[in-house]
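Below is target-v7.cif, holding mmCIF, C-alpha atoms and all ligand atoms.
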data_input
#
loop_
_atom_site.label_atom_id
_atom_site.label_comp_id
_atom_site.auth_asym_id
_atom_site.auth_seq_id
_atom_site.Cartn_x
_atom_site.Cartn_y
_atom_site.Cartn_z
CA MET T 1 79.81 92.54 93.97
CA GLN T 2 82.54 89.90 93.75
CA ASP T 3 82.67 86.70 95.76
CA PRO T 4 83.30 88.05 99.28
CA LYS T 5 85.39 85.00 100.18
CA PRO T 6 88.41 84.97 97.88
CA PRO T 7 91.49 83.17 99.14
CA LYS T 8 93.22 85.70 101.33
CA GLY T 9 96.97 85.40 101.21
CA GLY T 10 98.09 88.94 102.05
CA LEU T 11 97.83 90.83 105.32
CA PHE T 12 95.43 93.70 105.82
CA ILE T 13 96.49 96.57 108.12
CA THR T 14 94.29 99.56 108.89
CA PHE T 15 95.04 102.88 110.58
CA GLU T 16 92.40 104.65 112.65
CA GLY T 17 92.16 107.71 114.90
CA GLY T 18 90.90 111.26 115.03
CA GLU T 19 91.73 114.20 112.80
CA GLY T 20 95.40 115.09 112.50
CA ALA T 21 96.55 112.03 114.44
CA GLY T 22 99.29 111.40 111.89
CA LYS T 23 97.68 108.49 110.03
CA SER T 24 98.69 109.57 106.51
CA THR T 25 102.24 110.29 107.69
CA GLN T 26 102.59 106.90 109.36
CA VAL T 27 100.86 104.91 106.60
CA ALA T 28 103.54 106.11 104.17
CA ARG T 29 106.34 105.36 106.62
CA LEU T 30 105.09 101.86 107.44
CA ALA T 31 104.68 101.03 103.75
CA ALA T 32 108.29 102.06 103.09
CA THR T 33 109.50 100.02 106.06
CA LEU T 34 107.60 96.90 104.99
CA ARG T 35 108.77 97.16 101.37
CA ALA T 36 112.35 97.36 102.61
CA ARG T 37 111.89 94.57 105.17
CA THR T 38 110.12 92.08 102.94
CA GLY T 39 110.99 93.10 99.39
CA ARG T 40 107.34 92.55 98.51
CA PRO T 41 104.61 94.88 97.16
CA VAL T 42 102.65 96.92 99.67
CA VAL T 43 99.39 98.54 98.54
CA VAL T 44 98.63 101.88 100.20
CA THR T 45 95.06 103.08 100.08
CA ARG T 46 92.49 105.10 102.02
CA GLU T 47 88.83 105.42 102.95
CA PRO T 48 86.62 106.88 101.89
CA GLY T 49 88.22 106.36 98.49
CA GLY T 50 90.73 103.96 96.99
CA SER T 51 88.77 103.25 93.79
CA ALA T 52 87.39 105.62 91.17
CA TYR T 53 83.77 105.25 92.30
CA ALA T 54 84.69 105.49 95.98
CA GLU T 55 86.71 108.65 95.34
CA GLU T 56 83.60 110.23 93.80
CA ILE T 57 81.60 109.35 96.92
CA ARG T 58 84.44 110.72 99.07
CA ALA T 59 84.24 114.11 97.39
CA ALA T 60 80.50 114.32 98.05
CA LEU T 61 80.76 113.14 101.67
CA LEU T 62 83.62 115.47 102.63
CA ALA T 63 81.81 118.41 100.99
CA GLY T 64 78.91 117.69 103.36
CA ALA T 65 76.45 116.73 100.60
CA ALA T 66 74.92 113.92 102.69
CA LYS T 67 74.97 115.69 106.05
CA PRO T 68 71.33 116.90 105.79
CA TYR T 69 70.18 113.28 105.42
CA GLY T 70 71.76 112.18 108.71
CA PRO T 71 74.27 109.57 109.89
CA PHE T 72 72.37 106.57 108.48
CA ALA T 73 72.52 107.97 104.94
CA GLU T 74 76.19 108.86 105.45
CA ALA T 75 76.93 105.33 106.73
CA LEU T 76 75.23 103.87 103.63
CA LEU T 77 77.39 106.03 101.38
CA PHE T 78 80.60 105.18 103.25
CA SER T 79 79.56 101.52 102.93
CA ALA T 80 78.87 101.82 99.19
CA ALA T 81 82.32 103.33 98.75
CA ARG T 82 83.83 100.55 100.89
CA LEU T 83 82.13 97.81 98.85
CA ASP T 84 83.62 99.12 95.60
CA HIS T 85 87.01 99.64 97.24
CA LEU T 86 87.02 96.09 98.61
CA ASP T 87 85.93 94.55 95.30
CA ARG T 88 88.24 96.50 93.02
CA LEU T 89 91.37 97.02 95.09
CA ILE T 90 91.62 95.41 98.52
CA ARG T 91 90.41 91.84 97.89
CA PRO T 92 92.34 91.40 94.61
CA ALA T 93 95.56 92.64 96.27
CA LEU T 94 95.09 90.33 99.28
CA ALA T 95 94.35 87.43 96.93
CA ARG T 96 97.69 88.13 95.19
CA GLY T 97 99.37 87.81 98.59
CA GLU T 98 100.16 91.51 98.90
CA THR T 99 100.07 93.53 102.10
CA VAL T 100 97.38 96.22 102.07
CA ILE T 101 97.61 99.29 104.33
CA CYS T 102 94.44 101.36 104.50
CA ASP T 103 94.12 104.85 106.01
CA ARG T 104 90.75 104.42 107.84
CA PHE T 105 88.26 101.56 107.38
CA SER T 106 85.07 100.32 109.02
CA ASP T 107 86.06 101.35 112.57
CA SER T 108 85.74 104.94 111.33
CA THR T 109 82.09 104.28 110.47
CA ARG T 110 81.58 102.89 113.97
CA ALA T 111 83.24 105.93 115.54
CA TYR T 112 81.96 108.78 113.31
CA GLN T 113 78.46 107.66 112.29
CA GLY T 114 77.96 105.38 115.31
CA ALA T 115 79.42 106.63 118.58
CA ALA T 116 79.72 110.29 117.61
CA GLY T 117 76.83 110.44 115.11
CA GLY T 118 74.31 108.44 117.14
CA LEU T 119 73.59 105.62 114.67
CA ASP T 120 72.49 102.35 116.31
CA PRO T 121 75.46 99.93 116.57
CA SER T 122 73.29 97.03 115.37
CA VAL T 123 72.82 98.82 112.02
CA LEU T 124 76.58 99.17 111.70
CA THR T 125 77.10 95.51 112.58
CA ALA T 126 74.64 94.52 109.84
CA LEU T 127 76.38 96.78 107.29
CA GLU T 128 79.78 95.34 108.21
CA ARG T 129 78.48 91.81 107.83
CA VAL T 130 77.29 92.35 104.26
CA VAL T 131 79.96 94.79 103.08
CA VAL T 132 83.18 93.73 104.84
CA GLY T 133 82.25 90.09 105.45
CA PRO T 134 85.39 88.05 106.08
CA THR T 135 87.76 90.78 104.88
CA ARG T 136 88.46 92.00 108.38
CA PRO T 137 91.78 93.72 109.12
CA ASP T 138 94.52 91.52 110.54
CA LEU T 139 95.82 94.48 112.53
CA THR T 140 94.33 97.90 113.29
CA LEU T 141 96.66 100.61 114.56
CA ILE T 142 94.72 103.25 116.48
CA LEU T 143 96.70 106.49 116.69
CA ASP T 144 95.59 108.15 119.91
CA LEU T 145 95.96 111.77 120.89
CA SER T 146 93.79 114.54 122.31
CA PRO T 147 91.31 116.12 119.88
CA GLU T 148 92.76 119.55 120.68
CA THR T 149 96.23 118.46 119.52
CA GLY T 150 94.90 116.65 116.45
CA LEU T 151 92.72 119.53 115.29
CA ALA T 152 95.59 121.98 115.87
CA ARG T 153 97.86 119.84 113.71
CA ALA T 154 95.23 119.61 110.97
CA ALA T 155 94.67 123.38 111.08
CA ALA T 156 98.42 124.13 111.00
CA ARG T 157 98.70 122.05 107.84
CA GLY T 158 96.61 124.71 106.05
CA GLY T 159 94.84 123.79 102.80
CA GLU T 160 91.20 124.31 101.94
CA GLY T 161 89.84 124.81 105.47
CA PRO T 162 87.89 122.38 107.65
CA ASP T 163 85.82 119.72 105.86
CA ARG T 164 82.45 118.19 106.86
CA PHE T 165 83.90 116.37 109.89
CA GLU T 166 86.74 118.68 110.94
CA SER T 167 84.18 121.43 111.48
CA GLU T 168 82.25 119.43 114.12
CA ALA T 169 82.35 120.60 117.77
CA LEU T 170 85.15 119.55 120.11
CA SER T 171 82.68 117.31 122.00
CA PHE T 172 82.13 115.31 118.76
CA HIS T 173 85.88 114.76 118.47
CA ALA T 174 86.09 113.76 122.14
CA ARG T 175 83.41 111.09 121.50
CA LEU T 176 85.45 109.86 118.54
CA ARG T 177 88.54 109.40 120.66
CA ALA T 178 86.57 107.49 123.29
CA ALA T 179 84.96 105.35 120.57
CA PHE T 180 88.29 104.27 119.07
CA LEU T 181 89.62 103.38 122.54
CA THR T 182 86.47 101.36 123.23
CA ILE T 183 86.87 99.45 119.96
CA ALA T 184 90.48 98.67 120.94
CA ALA T 185 89.38 97.49 124.38
CA TYR T 186 86.77 95.14 122.87
CA GLU T 187 89.09 93.71 120.23
CA PRO T 188 92.60 93.71 121.72
CA GLU T 189 93.77 90.85 119.48
CA ARG T 190 93.06 92.93 116.35
CA CYS T 191 93.76 96.45 117.64
CA ALA T 192 96.82 98.20 119.06
CA VAL T 193 96.67 101.70 120.52
CA ILE T 194 99.68 103.85 119.62
CA ASP T 195 100.50 107.04 121.53
CA ALA T 196 100.46 109.61 118.70
CA THR T 197 101.56 112.61 120.77
CA ALA T 198 105.26 111.91 120.31
CA ASP T 199 107.36 113.13 117.36
CA PRO T 200 106.89 111.30 114.02
CA ASP T 201 110.07 109.21 114.36
CA THR T 202 109.05 107.94 117.80
CA VAL T 203 105.54 107.08 116.59
CA GLU T 204 107.02 105.33 113.55
CA ALA T 205 109.28 103.20 115.76
CA ALA T 206 106.35 102.21 118.01
CA ILE T 207 104.30 101.19 114.97
CA ALA T 208 107.16 99.20 113.41
CA ALA T 209 107.71 97.33 116.68
CA THR T 210 103.98 96.59 117.01
CA VAL T 211 103.71 95.29 113.46
CA ALA T 212 106.76 93.07 113.90
CA ALA T 213 105.35 91.64 117.14
CA ARG T 214 101.76 91.16 115.94
CA LEU T 215 102.46 90.08 112.36
CA PRO T 216 105.70 88.09 112.41
CA ALA T 217 105.28 87.26 108.70
CA LEU T 218 106.11 90.94 108.05
CA ALA T 219 109.08 91.12 110.42
CA GLY T 220 111.34 90.24 107.47
CA GLU T 221 115.08 89.77 107.36
CA GLY T 222 115.62 91.81 104.21
CA ALA T 223 114.40 91.33 100.66
CA HIS T 224 113.46 87.82 99.55
CA GLY T 225 111.68 87.86 96.24
N1 LIG F 1 84.92 109.10 107.83
C1 LIG F 1 83.69 108.76 108.37
O1 LIG F 1 83.00 109.62 108.92
N2 LIG F 1 83.24 107.47 108.27
C2 LIG F 1 83.97 106.50 107.64
O2 LIG F 1 83.52 105.35 107.56
C3 LIG F 1 85.25 106.86 107.10
C4 LIG F 1 85.69 108.16 107.21
C5 LIG F 1 86.08 105.82 106.41
C6 LIG F 1 88.10 111.50 105.92
O3 LIG F 1 88.91 112.59 105.98
C7 LIG F 1 86.93 111.82 106.81
O4 LIG F 1 85.91 110.86 106.63
C8 LIG F 1 87.37 111.72 108.24
C9 LIG F 1 86.48 110.68 108.88
C10 LIG F 1 85.39 110.48 107.91
N3 LIG F 1 87.15 112.93 108.91
N4 LIG F 1 87.62 114.03 108.67
N5 LIG F 1 88.00 115.04 108.44
P1 LIG F 1 90.43 112.65 105.56
O5 LIG F 1 90.87 111.34 105.03
O6 LIG F 1 90.58 113.84 104.68
O7 LIG F 1 91.09 113.06 106.92
P2 LIG F 1 91.61 112.25 108.15
O8 LIG F 1 91.50 110.80 107.94
O9 LIG F 1 90.98 112.79 109.38
O10 LIG F 1 93.13 112.55 108.15
P3 LIG F 1 93.90 113.90 108.38
O11 LIG F 1 93.13 114.99 109.01
O12 LIG F 1 94.51 114.20 107.07
O13 LIG F 1 94.94 113.51 109.45
P4 LIG F 1 96.02 112.35 109.56
O14 LIG F 1 96.15 111.59 108.29
O15 LIG F 1 95.72 111.57 110.77
O16 LIG F 1 97.34 113.16 109.85
P5 LIG F 1 98.55 113.60 108.87
O17 LIG F 1 98.01 114.19 107.60
O18 LIG F 1 99.54 112.53 108.78
O19 LIG F 1 99.17 114.74 109.79
C11 LIG F 1 98.48 115.95 110.04
C12 LIG F 1 99.53 117.08 110.23
O20 LIG F 1 100.28 116.81 111.42
C13 LIG F 1 100.55 117.18 109.09
O21 LIG F 1 100.90 118.51 108.91
C14 LIG F 1 101.73 116.36 109.61
O22 LIG F 1 102.95 116.79 109.07
C15 LIG F 1 101.65 116.62 111.10
N6 LIG F 1 102.12 115.50 111.92
C16 LIG F 1 101.98 114.17 111.64
N7 LIG F 1 102.51 113.43 112.63
C17 LIG F 1 102.96 114.31 113.57
C18 LIG F 1 103.60 114.14 114.85
N8 LIG F 1 103.87 112.93 115.34
N9 LIG F 1 103.92 115.26 115.55
C19 LIG F 1 103.63 116.49 115.05
N10 LIG F 1 103.06 116.72 113.84
C20 LIG F 1 102.71 115.63 113.12
#
How does this structure look as structure tokens?
Ligand code: Z5A
Amino acid sequence: MQDPKPPKGGLFITFEGGEGAGKSTQVARLAATLRARTGRPVVVTREPGGSAYAEEIRAALLAGAAKPYGPFAEALLFSAARLDHLDRLIRPALARGETVICDRFSDSTRAYQGAAGGLDPSVLTALERVVVGPTRPDLTLILDLSPETGLARAAARGGEGPDRFESEALSFHARLRAAFLTIAAYEPERCAVIDATADPDTVEAAIAATVAARLPALAGEGAHG
């Protein structure tokens, strides 16, 4: 584990929300907008994943390999993946002054393994303290929509069929939505809730406006080195 307190020059933005909320779509759009606005590198990454070791853990988790061991074991594995991701990708990029945009981060552990999975919040707080430490997001965009709409979007996309979490009951997904909204209510200075029911262009515009308002350093006036 590297020094958890490197000088942090860049800004760290995370996207959160339920299945099919449009996170991957909007992460790519925001990265393109910020590159054009600032002329600076933007690192796009995701959790679980983002480093070779974390991608291996991702494959096991999404296949349901840890499900029999319960939410605590899953939270430990998500945290192990996060530690490697932070050490190898996120902290070095922030130290170089780059913007990092991550598709899911520690709020997903709070929502999935905590609120929906039943794991004690104090355990999650302890894990965050040792794993995330001071590398907290500067802004978290929570894409909010009904679980019915999100799951329908994810199903319409096709692919390999529902994974470990997509196949949970609707009530699980309803708890997730409530959990993300609760996180936003407790930390309004870090979090912004975005209505994700609109078309992709409208959601993109809402996100761009929020980022410009909350992180003026990224508002940009065109490329400058
Ligand atoms: N997990 C956890 O339990 N604990 C943790 O600590 C972490 C994660 C970090 C990762 O799965 C799983 O791990 C996740 C939580 C758990 N649960 N699941 N499943 P993932 O990364 O594979 O999946 P995801 O994060 O849930 O993302 P997703 O299902 O791929 O959805 P999305 O990224 O939010 O949406 P999208 O791919 O951009 O869009 C979905 C479809 O809707 C697609 O066809 C789009 O073209 C379409 N779309 C997008 N926006 C719109 C709008 N605005 N209108 C209409 N259609 C749209």
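Residue nearest ligand LIG 1 (chain F) within the list T:Pro48, T:Gly9, T:Gly64, T:Pro216: T:Pro48 [criterion: smallest interatomic distance, only C-alpha atoms and all ligand atoms].
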Between CA of Ala198 (chain T) and CA of Ala217 (chain T), what is the distance in Å, rounded to a tenth? 27.2 Å
Please report as JSON lines every residue of chain T lying within 7 Å of ligand LIG 1 (chain F), along with the nearest atom pair and their distance in Å (one decimal), using only C-alpha atoms and all ligand atoms.
{"residue": "T:Gly17", "atom": "CA", "partner": "F:LIG1", "partner_atom": "O15", "distance": 6.7}
{"residue": "T:Gly18", "atom": "CA", "partner": "F:LIG1", "partner_atom": "O9", "distance": 5.9}
{"residue": "T:Glu19", "atom": "CA", "partner": "F:LIG1", "partner_atom": "O9", "distance": 3.8}
{"residue": "T:Gly20", "atom": "CA", "partner": "F:LIG1", "partner_atom": "O13", "distance": 3.5}
{"residue": "T:Ala21", "atom": "CA", "partner": "F:LIG1", "partner_atom": "O15", "distance": 3.8}
{"residue": "T:Gly22", "atom": "CA", "partner": "F:LIG1", "partner_atom": "O18", "distance": 3.3}
{"residue": "T:Lys23", "atom": "CA", "partner": "F:LIG1", "partner_atom": "O15", "distance": 3.7}
{"residue": "T:Ser24", "atom": "CA", "partner": "F:LIG1", "partner_atom": "O14", "distance": 3.7}
{"residue": "T:Thr25", "atom": "CA", "partner": "F:LIG1", "partner_atom": "O18", "distance": 3.7}
{"residue": "T:Gln26", "atom": "CA", "partner": "F:LIG1", "partner_atom": "O18", "distance": 6.4}
{"residue": "T:Glu47", "atom": "CA", "partner": "F:LIG1", "partner_atom": "C5", "distance": 4.4}
{"residue": "T:Pro48", "atom": "CA", "partner": "F:LIG1", "partner_atom": "C5", "distance": 4.7}
{"residue": "T:Leu62", "atom": "CA", "partner": "F:LIG1", "partner_atom": "C7", "distance": 6.5}
{"residue": "T:Ala75", "atom": "CA", "partner": "F:LIG1", "partner_atom": "O2", "distance": 6.6}
{"residue": "T:Phe78", "atom": "CA", "partner": "F:LIG1", "partner_atom": "O2", "distance": 5.2}
{"residue": "T:Asp103", "atom": "CA", "partner": "F:LIG1", "partner_atom": "O8", "distance": 6.8}
{"residue": "T:Arg104", "atom": "CA", "partner": "F:LIG1", "partner_atom": "C5", "distance": 5.1}
{"residue": "T:Phe105", "atom": "CA", "partner": "F:LIG1", "partner_atom": "C5", "distance": 4.9}
{"residue": "T:Ser106", "atom": "CA", "partner": "F:LIG1", "partner_atom": "O2", "distance": 5.5}
{"residue": "T:Asp107", "atom": "CA", "partner": "F:LIG1", "partner_atom": "O2", "distance": 6.9}
{"residue": "T:Ser108", "atom": "CA", "partner": "F:LIG1", "partner_atom": "C2", "distance": 4.4}
{"residue": "T:Thr109", "atom": "CA", "partner": "F:LIG1", "partner_atom": "O2", "distance": 3.4}
{"residue": "T:Tyr112", "atom": "CA", "partner": "F:LIG1", "partner_atom": "O1", "distance": 4.6}
{"residue": "T:Gln113", "atom": "CA", "partner": "F:LIG1", "partner_atom": "O1", "distance": 6.0}
{"residue": "T:Arg153", "atom": "CA", "partner": "F:LIG1", "partner_atom": "O20", "distance": 4.5}
{"residue": "T:Ala154", "atom": "CA", "partner": "F:LIG1", "partner_atom": "C11", "distance": 5.0}
{"residue": "T:Ala156", "atom": "CA", "partner": "F:LIG1", "partner_atom": "O21", "distance": 6.5}
{"residue": "T:Arg157", "atom": "CA", "partner": "F:LIG1", "partner_atom": "O21", "distance": 4.3}
{"residue": "T:Asp163", "atom": "CA", "partner": "F:LIG1", "partner_atom": "N5", "distance": 5.8}
{"residue": "T:Arg164", "atom": "CA", "partner": "F:LIG1", "partner_atom": "N5", "distance": 6.6}
{"residue": "T:Phe165", "atom": "CA", "partner": "F:LIG1", "partner_atom": "N5", "distance": 4.5}
{"residue": "T:Glu166", "atom": "CA", "partner": "F:LIG1", "partner_atom": "N5", "distance": 4.6}
{"residue": "T:Ala196", "atom": "CA", "partner": "F:LIG1", "partner_atom": "N8", "distance": 5.8}
{"residue": "T:Thr197", "atom": "CA", "partner": "F:LIG1", "partner_atom": "N8", "distance": 5.9}
{"residue": "T:Ala198", "atom": "CA", "partner": "F:LIG1", "partner_atom": "N8", "distance": 5.3}
{"residue": "T:Asp199", "atom": "CA", "partner": "F:LIG1", "partner_atom": "N8", "distance": 4.0}
{"residue": "T:Pro200", "atom": "CA", "partner": "F:LIG1", "partner_atom": "N8", "distance": 3.7}
{"residue": "T:Val203", "atom": "CA", "partner": "F:LIG1", "partner_atom": "N8", "distance": 6.2}
Contacts of Glu128 (chain T) within 9 Å, all atoms listed in the file, excl. fewer than 4 positions in-chain, as a PyMOL selection string: chain T and resi 79+106+123-124+132-133
One decimal, Å: what's the distance from CA of Gly10 (chain T) over to CA of Thr140 (chain T), could you say?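 Taking CA of Gly10 (chain T) as the start and CA of Thr140 (chain T) as the end point, the length is 14.9 Å.
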Might you pull out every residue within 9 Å of Pro137 (chain T), with only C-alpha atoms counted and same-chain residues fewer than 6 positions away left off, and present them as a list in words?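 After dropping sequence-adjacent residues, the list is Leu11, Phe12, Ile13, Thr14, Phe105 and Arg190 of chain T.
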So the first atom is CA of Val43 (chain T) and the second is CA of Thr99 (chain T); what is the distance between them in Å, to one decimal place?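 Pair CA of Val43 (chain T) / CA of Thr99 (chain T) returns 6.2 Å.
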With only C-alpha atoms counted and 12 Å as the cut-off, give the residues of region 157-213 of chain T in contact with region 34-40 of chain T, each with its shortest interatomic distance in Å and the pair that gives it, as JSON lines.
{"residue": "T:Ile207", "atom": "CA", "partner": "T:Leu34", "partner_atom": "CA", "distance": 11.4}
{"residue": "T:Ala208", "atom": "CA", "partner": "T:Leu34", "partner_atom": "CA", "distance": 8.7}
{"residue": "T:Ala209", "atom": "CA", "partner": "T:Leu34", "partner_atom": "CA", "distance": 11.7}
{"residue": "T:Val211", "atom": "CA", "partner": "T:Leu34", "partner_atom": "CA", "distance": 9.5}
{"residue": "T:Ala212", "atom": "CA", "partner": "T:Leu34", "partner_atom": "CA", "distance": 9.7}
From the set T:Leu139, T:Ala73, T:Leu218, T:Cys191, which residue has the shortest atom-to-atom contact distance to Pro41 (chain T), counting only C-alpha atoms?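 Among the listed residues, the smallest separation from Pro41 (chain T) belongs to T:Leu218.
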Around region 12-20 of chain T, with edges along x, y and z and 6 Å added on all six sides, what centre and edge lengths do you get, in Å to one decimal, as JSON?
{"center_x": 93.7, "center_y": 104.4, "center_z": 110.4, "size_x": 17.6, "size_y": 33.4, "size_z": 21.2}
Glu189 (chain T): which residues within 12 Å, counting only C-alpha atoms, same-chain residues fewer than 6 positions away excluded, as a PDB file with C-alpha atoms, keeping the file's coordinate frame?
ATOM      1  CA  PRO T 137      91.780  93.720 109.120  1.00  0.00           C
ATOM      2  CA  ASP T 138      94.520  91.520 110.540  1.00  0.00           C
ATOM      3  CA  LEU T 139      95.820  94.480 112.530  1.00  0.00           C
ATOM      4  CA  THR T 140      94.330  97.900 113.290  1.00  0.00           C
ATOM      5  CA  LEU T 141      96.660 100.610 114.560  1.00  0.00           C
ATOM      6  CA  ILE T 183      86.870  99.450 119.960  1.00  0.00           C
ATOM      7  CA  THR T 210     103.980  96.590 117.010  1.00  0.00           C
ATOM      8  CA  ALA T 213     105.350  91.640 117.140  1.00  0.00           C
ATOM      9  CA  ARG T 214     101.760  91.160 115.940  1.00  0.00           C
ATOM     10  CA  LEU T 215     102.460  90.080 112.360  1.00  0.00           C
TER      11      LEU T 215
END
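Residue nearest Val193 (chain T) within the list T:Ala205, T:Ala115, T:Leu143, T:Ile57: T:Leu143 [criterion: smallest interatomic distance, all atoms listed in the file].
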Name the closest residue to Ala80 (chain T) among the candidates T:Pro147, T:Gly220, T:Gly159, T:Gly49; distances are taken between atoms, counting only C-alpha atoms.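 Answer, going by the shortest atom-to-atom distance: T:Gly49.
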Restricting the calculation to all atoms listed in the file: of T:Ala116, T:Gly50, T:Leu127, T:Leu61, which residue gets closest to Ile90 (chain T)?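 Closest residue, counting all atoms listed in the file: T:Gly50.
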